[in-house]
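J.: Here you go, this is final.tsv (TSV, C-alpha atoms and all ligand atoms).
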```tsv
chain	number	residue	atom	x	y	z
A	1	MET	CA	0.16	-16.24	17.05
A	2	PRO	CA	-0.82	-12.95	18.63
A	3	TYR	CA	-0.09	-9.73	16.99
A	4	VAL	CA	2.17	-7.44	18.97
A	5	ALA	CA	0.87	-3.92	19.57
A	6	LEU	CA	3.18	-1.24	18.23
A	7	PRO	CA	4.16	1.56	20.60
A	8	ALA	CA	2.11	4.71	19.99
A	9	ALA	CA	3.97	7.22	17.85
A	10	THR	CA	3.25	10.79	16.82
A	11	ARG	CA	4.41	12.38	13.59
A	12	ALA	CA	7.28	14.00	15.54
A	13	ASP	CA	8.26	10.60	17.02
A	14	ARG	CA	8.31	8.95	13.63
A	15	LEU	CA	10.40	11.73	12.13
A	16	ALA	CA	12.84	11.82	15.06
A	17	ILE	CA	13.39	8.04	15.01
A	18	ALA	CA	13.79	8.10	11.24
A	19	GLN	CA	16.29	10.95	11.41
A	20	SER	CA	18.46	9.27	14.03
A	21	ARG	CA	18.46	6.03	12.07
A	22	TRP	CA	19.36	7.78	8.81
A	23	ASN	CA	22.20	9.56	10.65
A	24	ALA	CA	23.48	6.23	11.93
A	25	ILE	CA	23.42	4.74	8.42
A	26	LEU	CA	25.36	7.70	7.03
A	27	GLN	CA	27.94	7.51	9.79
A	28	ALA	CA	28.70	3.91	8.89
A	29	ARG	CA	28.17	4.22	5.14
A	30	PRO	CA	28.62	7.79	3.82
A	31	ASP	CA	28.34	6.36	0.29
A	32	LEU	CA	24.64	5.70	0.95
A	33	LEU	CA	23.84	9.43	1.04
A	34	PRO	CA	21.84	9.42	-2.24
A	35	ALA	CA	19.84	6.36	-1.13
A	36	VAL	CA	19.13	7.91	2.26
A	37	ALA	CA	18.17	11.26	0.71
A	38	LEU	CA	15.75	9.52	-1.65
A	39	GLN	CA	14.25	7.45	1.15
A	40	ARG	CA	13.77	10.56	3.26
A	41	SER	CA	11.97	12.35	0.44
A	42	LEU	CA	9.68	9.32	0.03
A	43	LEU	CA	8.98	8.55	3.68
A	44	GLU	CA	8.35	12.09	4.91
A	45	PRO	CA	5.18	12.53	2.79
A	46	VAL	CA	4.07	9.05	3.92
A	47	ILE	CA	4.56	10.05	7.57
A	48	ASP	CA	2.59	13.27	6.99
A	49	LEU	CA	-0.28	11.37	5.39
A	50	THR	CA	-0.25	8.82	8.22
A	51	GLU	CA	-0.73	11.63	10.72
A	52	ALA	CA	-3.52	13.17	8.66
A	53	LEU	CA	-5.38	9.85	8.35
A	54	LEU	CA	-4.97	8.83	11.99
A	55	HIS	CA	-6.11	12.21	13.28
A	56	GLY	CA	-8.58	13.14	10.63
A	57	ARG	CA	-11.69	11.18	9.87
A	58	VAL	CA	-10.89	7.60	10.73
A	59	PRO	CA	-11.55	5.42	7.69
A	60	ARG	CA	-14.85	3.61	7.88
A	61	LEU	CA	-14.53	-0.12	7.94
A	62	SER	CA	-17.73	-2.11	7.98
A	63	LEU	CA	-16.15	-5.46	8.70
A	64	PRO	CA	-17.75	-7.09	11.74
A	65	ALA	CA	-15.16	-8.74	13.97
A	66	ARG	CA	-16.84	-12.15	13.81
A	67	TYR	CA	-16.92	-12.07	10.02
A	68	VAL	CA	-13.19	-11.24	9.97
A	69	ALA	CA	-12.49	-14.03	12.47
A	70	ALA	CA	-14.22	-16.54	10.16
A	71	LYS	CA	-12.13	-15.30	7.22
A	72	LEU	CA	-8.90	-15.66	9.19
A	73	ASP	CA	-9.81	-19.24	10.09
A	74	LYS	CA	-9.98	-19.90	6.34
A	75	ARG	CA	-6.50	-18.35	6.03
A	76	ILE	CA	-7.90	-15.34	4.20
A	77	PRO	CA	-6.53	-11.96	5.35
A	78	ALA	CA	-9.05	-9.53	6.82
A	79	LEU	CA	-8.95	-6.94	4.05
A	80	ALA	CA	-8.74	-9.38	1.12
A	81	ALA	CA	-11.47	-9.05	-1.50
A	82	GLU	CA	-13.40	-6.41	0.44
A	83	PRO	CA	-14.90	-3.45	-1.41
A	84	ILE	CA	-13.04	-0.81	0.57
A	85	PRO	CA	-13.87	2.77	-0.53
A	86	MET	CA	-10.62	4.48	-1.47
A	87	PRO	CA	-10.17	8.02	-0.05
A	88	THR	CA	-8.59	9.10	-3.32
A	89	ALA	CA	-8.91	12.83	-2.68
A	90	ALA	CA	-6.92	12.48	0.55
A	91	LEU	CA	-4.25	10.26	-1.00
A	92	LYS	CA	-3.72	11.78	-4.44
A	93	PRO	CA	-1.59	14.78	-3.32
A	94	THR	CA	0.80	12.33	-1.63
A	95	LEU	CA	0.85	10.16	-4.74
A	96	LEU	CA	1.86	13.18	-6.83
A	97	GLN	CA	4.41	14.29	-4.24
A	98	LEU	CA	6.00	10.84	-4.33
A	99	CYS	CA	6.32	11.02	-8.12
A	100	GLN	CA	8.05	14.36	-7.68
A	101	SER	CA	10.40	13.01	-4.98
A	102	LEU	CA	11.24	10.08	-7.19
A	103	ALA	CA	11.86	12.33	-10.20
A	104	ASP	CA	14.16	14.58	-8.16
A	105	GLY	CA	15.92	11.64	-6.52
A	106	GLY	CA	17.09	9.89	-9.67
A	107	GLY	CA	13.84	8.64	-11.20
A	108	GLY	CA	13.99	11.51	-13.69
A	109	GLU	CA	11.80	11.56	-16.74
A	110	PRO	CA	9.97	8.24	-16.18
A	111	ALA	CA	8.76	9.49	-12.78
A	112	ARG	CA	7.77	12.87	-14.24
A	113	ARG	CA	5.71	11.11	-16.89
A	114	ILE	CA	3.76	9.23	-14.21
A	115	HIS	CA	3.14	12.55	-12.45
A	116	ALA	CA	1.88	14.06	-15.71
A	117	ALA	CA	-0.39	11.10	-16.43
A	118	LEU	CA	-1.92	11.28	-12.94
A	119	ASP	CA	-2.30	15.05	-13.24
A	120	ALA	CA	-4.02	14.77	-16.59
A	121	GLY	CA	-6.19	11.90	-15.41
A	122	THR	CA	-5.04	9.55	-18.18
A	123	LEU	CA	-3.80	7.41	-15.31
A	124	GLU	CA	-6.54	7.37	-12.71
A	125	ALA	CA	-5.22	7.79	-9.16
A	126	GLY	CA	-8.09	5.90	-7.51
A	127	ALA	CA	-7.68	2.86	-9.74
A	128	VAL	CA	-3.92	2.76	-9.24
A	129	LEU	CA	-4.25	3.08	-5.47
A	130	ASN	CA	-6.92	0.40	-5.41
A	131	ALA	CA	-4.75	-2.00	-7.44
A	132	ALA	CA	-1.92	-1.48	-4.93
A	133	LEU	CA	-4.34	-2.08	-2.05
A	134	CYS	CA	-5.43	-5.35	-3.70
A	135	ARG	CA	-1.74	-6.25	-4.18
A	136	ASP	CA	-2.54	-6.62	-7.88
A	137	GLN	CA	0.83	-6.14	-9.56
A	138	LYS	CA	-0.53	-7.53	-12.80
A	139	ALA	CA	-3.17	-4.79	-13.14
A	140	ILE	CA	-0.51	-2.13	-12.55
A	141	LYS	CA	1.82	-3.77	-15.03
A	142	ILE	CA	-0.76	-4.03	-17.80
A	143	GLY	CA	-2.09	-0.51	-17.22
A	144	SER	CA	1.42	0.96	-17.15
A	145	VAL	CA	2.68	-0.81	-20.24
A	146	HIS	CA	-0.46	0.29	-22.05
A	147	ARG	CA	0.42	3.93	-21.26
A	148	ASP	CA	4.15	3.47	-21.86
A	149	LEU	CA	4.91	4.10	-18.18
A	150	GLN	CA	7.44	2.22	-16.05
A	151	SER	CA	5.32	-0.21	-14.08
A	152	GLU	CA	7.88	-0.69	-11.27
A	153	LEU	CA	7.78	3.03	-10.56
A	154	VAL	CA	3.97	3.19	-10.73
A	155	TRP	CA	3.84	0.28	-8.29
A	156	LEU	CA	6.36	1.94	-5.96
A	157	VAL	CA	4.52	5.27	-5.68
A	158	ALA	CA	1.08	3.64	-5.50
A	159	GLU	CA	2.12	1.22	-2.78
A	160	LEU	CA	3.79	3.98	-0.75
A	161	ALA	CA	0.84	6.38	-1.12
A	162	VAL	CA	-1.78	3.82	-0.10
A	163	SER	CA	0.26	2.33	2.75
A	164	PRO	CA	-0.81	4.91	5.39
A	165	PHE	CA	-4.44	4.08	4.56
A	166	VAL	CA	-3.79	0.35	4.98
A	167	TYR	CA	-1.99	1.05	8.24
A	168	ALA	CA	-4.97	3.14	9.42
A	169	LEU	CA	-7.40	0.33	8.42
A	170	GLN	CA	-5.24	-2.14	10.32
A	171	GLN	CA	-5.36	0.09	13.41
A	172	VAL	CA	-9.15	0.48	13.17
A	173	LEU	CA	-9.58	-3.27	12.78
A	174	LEU	CA	-7.40	-4.15	15.75
A	175	ALA	CA	-8.93	-1.41	17.90
A	176	GLN	CA	-12.18	-3.42	17.92
A	177	ALA	CA	-10.52	-5.61	20.60
A	178	ASP	CA	-13.12	-8.30	19.95
A	179	PRO	CA	-12.45	-11.65	21.71
A	180	ALA	CA	-13.42	-13.74	18.65
A	181	LEU	CA	-11.14	-11.68	16.43
A	182	GLY	CA	-8.34	-11.81	19.00
A	183	ALA	CA	-8.65	-15.61	19.20
A	184	ALA	CA	-8.61	-15.95	15.41
A	185	LEU	CA	-5.46	-13.79	15.26
A	186	ASP	CA	-3.92	-16.01	17.95
A	187	ARG	CA	-4.60	-19.02	15.73
A	188	TRP	CA	-2.97	-17.42	12.67
A	189	LYS	CA	0.00	-19.53	11.58
A	190	GLN	CA	0.71	-18.09	8.15
A	191	GLY	CA	3.80	-16.14	7.15
A	192	TYR	CA	1.69	-13.59	5.26
A	193	CYS	CA	-0.05	-10.75	7.04
A	194	PRO	CA	-3.47	-11.60	8.53
A	195	VAL	CA	-4.66	-8.06	7.83
A	196	CYS	CA	-3.46	-7.24	4.31
A	197	GLY	CA	-1.98	-10.50	2.99
A	198	SER	CA	1.53	-9.18	2.27
A	199	TRP	CA	4.71	-11.07	2.99
A	200	PRO	CA	6.96	-9.73	5.73
A	201	ALA	CA	9.64	-7.17	4.97
A	202	LEU	CA	11.77	-8.74	7.66
A	203	VAL	CA	11.77	-10.12	11.16
A	204	GLU	CA	12.59	-7.89	14.12
A	205	SER	CA	14.02	-9.83	17.02
A	206	LEU	CA	13.12	-8.10	20.27
A	207	ALA	CA	14.37	-9.67	23.52
A	208	ASP	CA	14.69	-13.02	21.73
A	209	ARG	CA	11.14	-12.89	20.35
A	210	SER	CA	11.01	-13.13	16.58
A	211	ILE	CA	8.44	-10.61	15.42
A	212	VAL	CA	7.38	-10.75	11.80
A	213	ARG	CA	6.81	-7.29	10.27
A	214	CYS	CA	4.42	-6.83	7.37
A	215	SER	CA	6.00	-5.05	4.42
A	216	PHE	CA	2.80	-3.09	3.67
A	217	CYS	CA	0.76	-2.33	6.80
A	218	ALA	CA	3.64	-2.89	9.30
A	219	LEU	CA	1.62	-5.34	11.41
A	220	ALA	CA	3.79	-7.10	13.98
A	221	TRP	CA	3.03	-10.71	14.81
A	222	THR	CA	4.80	-13.81	16.00
A	223	LEU	CA	4.75	-17.36	14.65
A	224	ASP	CA	4.48	-20.37	16.95
A	225	ASP	CA	6.41	-22.76	14.81
A	226	PRO	CA	10.05	-22.37	13.82
A	227	GLY	CA	10.95	-22.78	10.17
A	228	CYS	CA	10.59	-20.97	6.87
A	229	VAL	CA	8.22	-18.00	7.18
A	230	TYR	CA	6.97	-18.66	3.63
A	231	CYS	CA	6.54	-22.44	3.30
A	232	GLY	CA	6.95	-23.63	6.90
A	233	ASP	CA	9.81	-26.01	6.03
A	234	ILE	CA	12.16	-26.86	8.86
A	235	GLY	CA	14.30	-29.46	7.03
A	236	PRO	CA	18.09	-29.49	6.83
A	237	THR	CA	18.16	-26.90	4.05
A	238	PHE	CA	16.43	-24.32	6.22
A	239	ILE	CA	19.36	-22.34	7.59
A	240	THR	CA	19.69	-19.37	9.90
A	241	ALA	CA	23.10	-17.75	9.80
A	242	ALA	CA	24.84	-14.45	10.44
A	243	PRO	CA	26.87	-13.86	7.26
A	244	ASP	CA	29.20	-11.46	9.09
A	245	PRO	CA	30.54	-13.07	12.29
A	246	ALA	CA	31.22	-9.58	13.64
A	247	ARG	CA	27.48	-8.75	13.32
A	248	PRO	CA	25.53	-11.61	14.93
A	249	ASP	CA	22.62	-9.17	15.30
A	250	ARG	CA	21.91	-9.37	11.54
A	251	ARG	CA	20.91	-12.78	10.29
A	252	LEU	CA	19.53	-14.46	7.22
A	253	GLU	CA	17.03	-17.28	7.14
A	254	THR	CA	17.27	-19.13	3.85
A	255	CYS	CA	15.02	-21.98	2.77
A	256	GLY	CA	16.30	-24.60	0.35
A	257	ARG	CA	12.77	-25.81	-0.38
A	258	CYS	CA	11.16	-22.59	-1.62
A	259	ARG	CA	14.46	-20.76	-2.34
A	260	SER	CA	13.27	-17.73	-0.38
A	261	TYR	CA	14.88	-15.75	2.40
A	262	VAL	CA	14.00	-13.39	5.18
A	263	LYS	CA	16.26	-11.03	7.12
A	264	THR	CA	16.25	-11.08	10.93
A	265	VAL	CA	17.54	-8.10	12.84
A	266	ASP	CA	17.97	-7.62	16.59
A	267	VAL	CA	16.25	-4.41	17.70
A	268	ASP	CA	15.78	-2.48	20.95
A	269	GLU	CA	12.27	-1.45	19.93
A	270	LEU	CA	9.89	-2.28	17.10
A	271	SER	CA	10.00	0.12	14.18
A	272	PRO	CA	6.85	2.23	13.98
A	273	PHE	CA	5.09	2.47	10.62
A	274	PRO	CA	6.57	3.26	8.03
A	275	LEU	CA	10.13	2.92	9.30
A	276	ILE	CA	10.51	-0.78	8.52
A	277	ALA	CA	11.72	0.58	5.19
A	278	ILE	CA	14.75	2.04	6.99
A	279	THR	CA	15.60	-1.34	8.55
A	280	ASP	CA	15.33	-2.72	5.04
A	281	LEU	CA	17.78	-0.11	3.73
A	282	GLU	CA	20.17	-0.67	6.66
A	283	THR	CA	20.39	-4.35	5.75
A	284	MET	CA	20.50	-4.05	1.96
A	285	ASP	CA	23.90	-5.78	1.89
A	286	LEU	CA	22.21	-8.92	3.22
A	287	ASP	CA	19.77	-8.89	0.30
A	288	MET	CA	22.63	-8.55	-2.19
A	289	ARG	CA	24.53	-11.38	-0.60
A	290	THR	CA	21.67	-13.85	-0.49
A	291	MET	CA	20.26	-12.96	-3.92
A	292	LYS	CA	23.69	-13.76	-5.36
A	293	GLN	CA	23.23	-17.23	-3.90
A	294	GLY	CA	19.95	-17.60	-5.78
A	295	PHE	CA	17.47	-16.85	-3.00
A	296	GLN	CA	14.67	-14.35	-3.45
A	297	ARG	CA	11.70	-12.75	-1.80
A	298	PRO	CA	8.63	-14.64	-2.96
A	299	ALA	CA	6.05	-13.20	-5.33
A	300	MET	CA	3.19	-11.21	-3.84
A	301	LYS	CA	0.18	-13.24	-2.79
A	302	MET	CA	-3.00	-11.93	-4.35
A	303	PHE	CA	-6.40	-12.92	-3.01
A	304	ALA	CA	-8.64	-11.10	-5.48
A	305	ALA	CA	-7.85	-9.11	-8.59
A	306	SER	CA	-8.54	-5.39	-8.68
A	307	LYS	CA	-10.31	-3.70	-11.58
A	308	SER	CA	-7.95	-2.93	-14.44
A	309	ILE	CA	-6.33	0.48	-14.26
B	401	ZN	ZN	-0.10	-6.21	6.50
B	402	ZN	ZN	10.49	-22.03	2.40
```
Please go through the file and, once you have read it, give me the structure as structure tokens.
T.:
Amino acid sequence: MPYVALPAATRADRLAIAQSRWNAILQARPDLLPAVALQRSLLEPVIDLTEALLHGRVPRLSLPARYVAAKLDKRIPALAAEPIPMPTAALKPTLLQLCQSLADGGGGEPARRIHAALDAGTLEAGAVLNAALCRDQKAIKIGSVHRDLQSELVWLVAELAVSPFVYALQQVLLAQADPALGAALDRWKQGYCPVCGSWPALVESLADRSIVRCSFCALAWTLDDPGCVYCGDIGPTFITAAPDPARPDRRLETCGRCRSYVKTVDVDELSPFPLIAITDLETMDLDMRTMKQGFQRPAMKMFAASKSI
């Protein structure tokens, strides 16, 4: 189904929306102060880089719209398995900053060691960023273990640092406004993102429209068919429920077939990139609750391996 255009947002808009949402979280849950402080120190550099990429030299993307449309019809996301040149010089300072934020925000020594490895070049920034772009968790895991680094932290900083680039690529791709590409996007029925191939972070429900939000590039799109966003099942074990009757605006969709879940949240406006992460934090209690019941977010889909890091 069609993607939904996100409202235009400046750096100041993104920061202002983020700030008001963090304030609201803290009003309801003062105990989340450390989590909010860490998220702020991670998202602010991402917002800065987003601004720099969108207003600097737009990334080149030599993917003709008709070629992308043909890929989508084969259920292959637009950016999958494309040799996309990584603007490492533009992204590396953010990658280092994120290591620092993580170190200061509780990541401590393991995060500092990643910073040092990137600084020294024993862990190559371009390769790490490229592996995150390819959604290749295995490459990051092997490369991290090999260097005695915590792979979850390497993945976290790499994914965050490359996300503004993926968002910028997504914007360039959609700006082509090509009818064949638009029609192919309209035909997209998969739960994973037609641009980058990631699963949704969650579903934002806006005026009773369920809008799936990509966890990586923040694409917003809708699905024609009801049912599990991951496997499409609509049998009796596919359940949508609001765990807290006092909060019908926050719901869980759980699927008995694939044992996965997705959160659905009523919103007044779609979250601009990269603020889906804040919606995720706001609804963390839903994750805890459903994971206790044995549901999980599915493993990342990977369409082509990256080079080893
Ligand atoms: Zn995406
Ligand atoms: Zn399912």
J.: Residues of chain A within 7 Å of ligand ZN 401 (chain B): nearest atom pair and distance (Å, one decimal) for each, counting all atoms listed in the file, sorted by chain and number, as JSON lines?
T.:
```
{"residue": "A:Cys193", "atom": "CA", "partner": "B:ZN401", "partner_atom": "ZN", "distance": 4.6}
{"residue": "A:Pro194", "atom": "CA", "partner": "B:ZN401", "partner_atom": "ZN", "distance": 6.7}
{"residue": "A:Val195", "atom": "CA", "partner": "B:ZN401", "partner_atom": "ZN", "distance": 5.1}
{"residue": "A:Cys196", "atom": "CA", "partner": "B:ZN401", "partner_atom": "ZN", "distance": 4.1}
{"residue": "A:Gly197", "atom": "CA", "partner": "B:ZN401", "partner_atom": "ZN", "distance": 5.9}
{"residue": "A:Ser198", "atom": "CA", "partner": "B:ZN401", "partner_atom": "ZN", "distance": 5.4}
{"residue": "A:Cys214", "atom": "CA", "partner": "B:ZN401", "partner_atom": "ZN", "distance": 4.6}
{"residue": "A:Ser215", "atom": "CA", "partner": "B:ZN401", "partner_atom": "ZN", "distance": 6.5}
{"residue": "A:Phe216", "atom": "CA", "partner": "B:ZN401", "partner_atom": "ZN", "distance": 5.1}
{"residue": "A:Cys217", "atom": "CA", "partner": "B:ZN401", "partner_atom": "ZN", "distance": 4.0}
{"residue": "A:Ala218", "atom": "CA", "partner": "B:ZN401", "partner_atom": "ZN", "distance": 5.7}
{"residue": "A:Leu219", "atom": "CA", "partner": "B:ZN401", "partner_atom": "ZN", "distance": 5.3}
```
J.: Of the residues A:Ala103, A:Ala132, A:Met86, A:Val203, which is the one nearest to A:Asp280, using all atoms listed in the file?
T.: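 For A:Asp280, the nearest of the given residues is A:Val203.
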J.: Neighbours of ligand ZN 402 (chain B) within 8 Å, counting only C-alpha atoms and all ligand atoms, as number ranges by chain?
T.: A: 227-233, 238, 254-261
J.: Enumerate, as a short mmCIF file (atom, residue, chain, number, x, y, z; two decimals) with C-alpha atoms, in the coordinates of the input, the protein, DNA and RNA residues whose atoms approach (-2.7, -9.7, 14.4) to within 12 Å, taking into account all atoms listed in the file and the coordinate frame of the file.
T.:
```
data_model
loop_
_atom_site.label_atom_id
_atom_site.label_comp_id
_atom_site.auth_asym_id
_atom_site.auth_seq_id
_atom_site.Cartn_x
_atom_site.Cartn_y
_atom_site.Cartn_z
CA MET A 1 0.16 -16.24 17.05
CA PRO A 2 -0.82 -12.95 18.63
CA TYR A 3 -0.09 -9.73 16.99
CA VAL A 4 2.17 -7.44 18.97
CA ALA A 5 0.87 -3.92 19.57
CA LEU A 6 3.18 -1.24 18.23
CA VAL A 68 -13.19 -11.24 9.97
CA ALA A 69 -12.49 -14.03 12.47
CA LEU A 72 -8.90 -15.66 9.19
CA PRO A 77 -6.53 -11.96 5.35
CA ALA A 78 -9.05 -9.53 6.82
CA GLN A 170 -5.24 -2.14 10.32
CA GLN A 171 -5.36 0.09 13.41
CA LEU A 173 -9.58 -3.27 12.78
CA LEU A 174 -7.40 -4.15 15.75
CA ALA A 175 -8.93 -1.41 17.90
CA GLN A 176 -12.18 -3.42 17.92
CA ALA A 177 -10.52 -5.61 20.60
CA ASP A 178 -13.12 -8.30 19.95
CA LEU A 181 -11.14 -11.68 16.43
CA GLY A 182 -8.34 -11.81 19.00
CA ALA A 183 -8.65 -15.61 19.20
CA ALA A 184 -8.61 -15.95 15.41
CA LEU A 185 -5.46 -13.79 15.26
CA ASP A 186 -3.92 -16.01 17.95
CA ARG A 187 -4.60 -19.02 15.73
CA TRP A 188 -2.97 -17.42 12.67
CA LYS A 189 0.00 -19.53 11.58
CA GLN A 190 0.71 -18.09 8.15
CA GLY A 191 3.80 -16.14 7.15
CA TYR A 192 1.69 -13.59 5.26
CA CYS A 193 -0.05 -10.75 7.04
CA PRO A 194 -3.47 -11.60 8.53
CA VAL A 195 -4.66 -8.06 7.83
CA CYS A 196 -3.46 -7.24 4.31
CA GLY A 197 -1.98 -10.50 2.99
CA ILE A 211 8.44 -10.61 15.42
CA VAL A 212 7.38 -10.75 11.80
CA ARG A 213 6.81 -7.29 10.27
CA CYS A 214 4.42 -6.83 7.37
CA CYS A 217 0.76 -2.33 6.80
CA ALA A 218 3.64 -2.89 9.30
CA LEU A 219 1.62 -5.34 11.41
CA ALA A 220 3.79 -7.10 13.98
CA TRP A 221 3.03 -10.71 14.81
CA THR A 222 4.80 -13.81 16.00
CA LEU A 223 4.75 -17.36 14.65
#
```
J.: Please compute the atom CA of A:Met291-atom CA of A:Ala111 distance, one decimal, in Å.
T.: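 Computed distance, atom CA of A:Met291 to atom CA of A:Ala111, equals 26.7 Å.
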J.: Tell me which of A:Leu286, A:Ala28, A:Cys99, A:Ala207 sits closest to A:Leu160, counting only C-alpha atoms.
T.: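 Going through A:Leu286, A:Ala28, A:Cys99, A:Ala207 one by one, the smallest distance to A:Leu160 is for A:Cys99.
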J.: Which is closer to A:Asp268 than all the others in A:Ala161, A:Leu206, A:Leu15, A:Cys134, using only C-alpha atoms?
T.: A:Leu206
J.: Give the answer as one residue: which of A:Lys301, A:Arg29, A:Arg135, A:Lys71 has the shortest atom-to-atom distance to A:Val166, using only C-alpha atoms?
T.: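 So, comparing all the options, the nearest one is A:Arg135.
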J.: Taking all atoms listed in the file into account, name the residue in A:Ala24, A:Gln39, A:Val145, A:Ala127 that is nearest to A:Leu91.
T.: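 Residue with the minimum atom-to-atom distance to A:Leu91: A:Ala127.
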J.: Show me, as a PyMOL selection string, the residues that have an atom within 9 Å of A:Ala18 when counting all atoms listed in the file, minus same-chain residues fewer than 2 positions from it.
T.: chain A and resi 13-16+20-23+40+43+275+278
J.: If you measure from atom CA of A:Gln100 to atom CA of A:Val157, what distance in Å do you get, rounded to one decimal?
T.: 10.0 Å
J.: Can you work out the spacing between atom CA of A:Ser306 and atom CA of A:Ile76 in Å, to one decimal?
T.: 16.3 Å
J.: Rebuild N, CA and C atoms on stretch 29-46 of chain A, as a PDB file, in the coordinates of the input?
T.:
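Result file rebuild.pdb:
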```
ATOM      1  N   ARG A  29      28.065   4.376   6.603  1.00  0.00           N
ATOM      2  CA  ARG A  29      28.170   4.220   5.140  1.00  0.00           C
ATOM      3  C   ARG A  29      27.882   5.548   4.440  1.00  0.00           C
ATOM      4  N   PRO A  30      28.868   6.481   4.452  1.00  0.00           N
ATOM      5  CA  PRO A  30      28.620   7.790   3.820  1.00  0.00           C
ATOM      6  C   PRO A  30      28.238   7.662   2.342  1.00  0.00           C
ATOM      7  N   ASP A  31      28.645   6.562   1.716  1.00  0.00           N
ATOM      8  CA  ASP A  31      28.340   6.360   0.290  1.00  0.00           C
ATOM      9  C   ASP A  31      26.840   6.162   0.055  1.00  0.00           C
ATOM     10  N   LEU A  32      26.089   5.907   1.132  1.00  0.00           N
ATOM     11  CA  LEU A  32      24.640   5.700   0.950  1.00  0.00           C
ATOM     12  C   LEU A  32      23.839   7.009   0.977  1.00  0.00           C
ATOM     13  N   LEU A  33      24.536   8.143   0.966  1.00  0.00           N
ATOM     14  CA  LEU A  33      23.840   9.430   1.040  1.00  0.00           C
ATOM     15  C   LEU A  33      22.709   9.579   0.007  1.00  0.00           C
ATOM     16  N   PRO A  34      22.957   9.266  -1.278  1.00  0.00           N
ATOM     17  CA  PRO A  34      21.840   9.420  -2.240  1.00  0.00           C
ATOM     18  C   PRO A  34      20.646   8.514  -1.912  1.00  0.00           C
ATOM     19  N   ALA A  35      20.940   7.296  -1.463  1.00  0.00           N
ATOM     20  CA  ALA A  35      19.840   6.360  -1.130  1.00  0.00           C
ATOM     21  C   ALA A  35      19.062   6.861   0.075  1.00  0.00           C
ATOM     22  N   VAL A  36      19.780   7.398   1.056  1.00  0.00           N
ATOM     23  CA  VAL A  36      19.130   7.910   2.260  1.00  0.00           C
ATOM     24  C   VAL A  36      18.307   9.154   1.922  1.00  0.00           C
ATOM     25  N   ALA A  37      18.875  10.029   1.090  1.00  0.00           N
ATOM     26  CA  ALA A  37      18.170  11.260   0.710  1.00  0.00           C
ATOM     27  C   ALA A  37      16.874  10.910  -0.031  1.00  0.00           C
ATOM     28  N   LEU A  38      16.949   9.928  -0.925  1.00  0.00           N
ATOM     29  CA  LEU A  38      15.750   9.520  -1.650  1.00  0.00           C
ATOM     30  C   LEU A  38      14.725   8.924  -0.685  1.00  0.00           C
ATOM     31  N   GLN A  39      15.192   8.067   0.215  1.00  0.00           N
ATOM     32  CA  GLN A  39      14.250   7.450   1.150  1.00  0.00           C
ATOM     33  C   GLN A  39      13.574   8.504   2.028  1.00  0.00           C
ATOM     34  N   ARG A  40      14.363   9.506   2.449  1.00  0.00           N
ATOM     35  CA  ARG A  40      13.770  10.560   3.260  1.00  0.00           C
ATOM     36  C   ARG A  40      12.667  11.289   2.481  1.00  0.00           C
ATOM     37  N   SER A  41      12.944  11.586   1.228  1.00  0.00           N
ATOM     38  CA  SER A  41      11.970  12.350   0.440  1.00  0.00           C
ATOM     39  C   SER A  41      10.726  11.509   0.110  1.00  0.00           C
ATOM     40  N   LEU A  42      10.847  10.182   0.237  1.00  0.00           N
ATOM     41  CA  LEU A  42       9.680   9.320   0.030  1.00  0.00           C
ATOM     42  C   LEU A  42       8.922   9.067   1.333  1.00  0.00           C
ATOM     43  N   LEU A  43       9.659   8.904   2.427  1.00  0.00           N
ATOM     44  CA  LEU A  43       8.980   8.550   3.680  1.00  0.00           C
ATOM     45  C   LEU A  43       8.352   9.747   4.385  1.00  0.00           C
ATOM     46  N   GLU A  44       8.933  10.939   4.211  1.00  0.00           N
ATOM     47  CA  GLU A  44       8.350  12.090   4.910  1.00  0.00           C
ATOM     48  C   GLU A  44       6.903  12.364   4.469  1.00  0.00           C
ATOM     49  N   PRO A  45       6.593  12.354   3.173  1.00  0.00           N
ATOM     50  CA  PRO A  45       5.180  12.530   2.790  1.00  0.00           C
ATOM     51  C   PRO A  45       4.280  11.394   3.313  1.00  0.00           C
ATOM     52  N   VAL A  46       4.839  10.189   3.398  1.00  0.00           N
ATOM     53  CA  VAL A  46       4.070   9.050   3.920  1.00  0.00           C
ATOM     54  C   VAL A  46       3.767   9.267   5.403  1.00  0.00           C
TER      55      VAL A  46
END
```
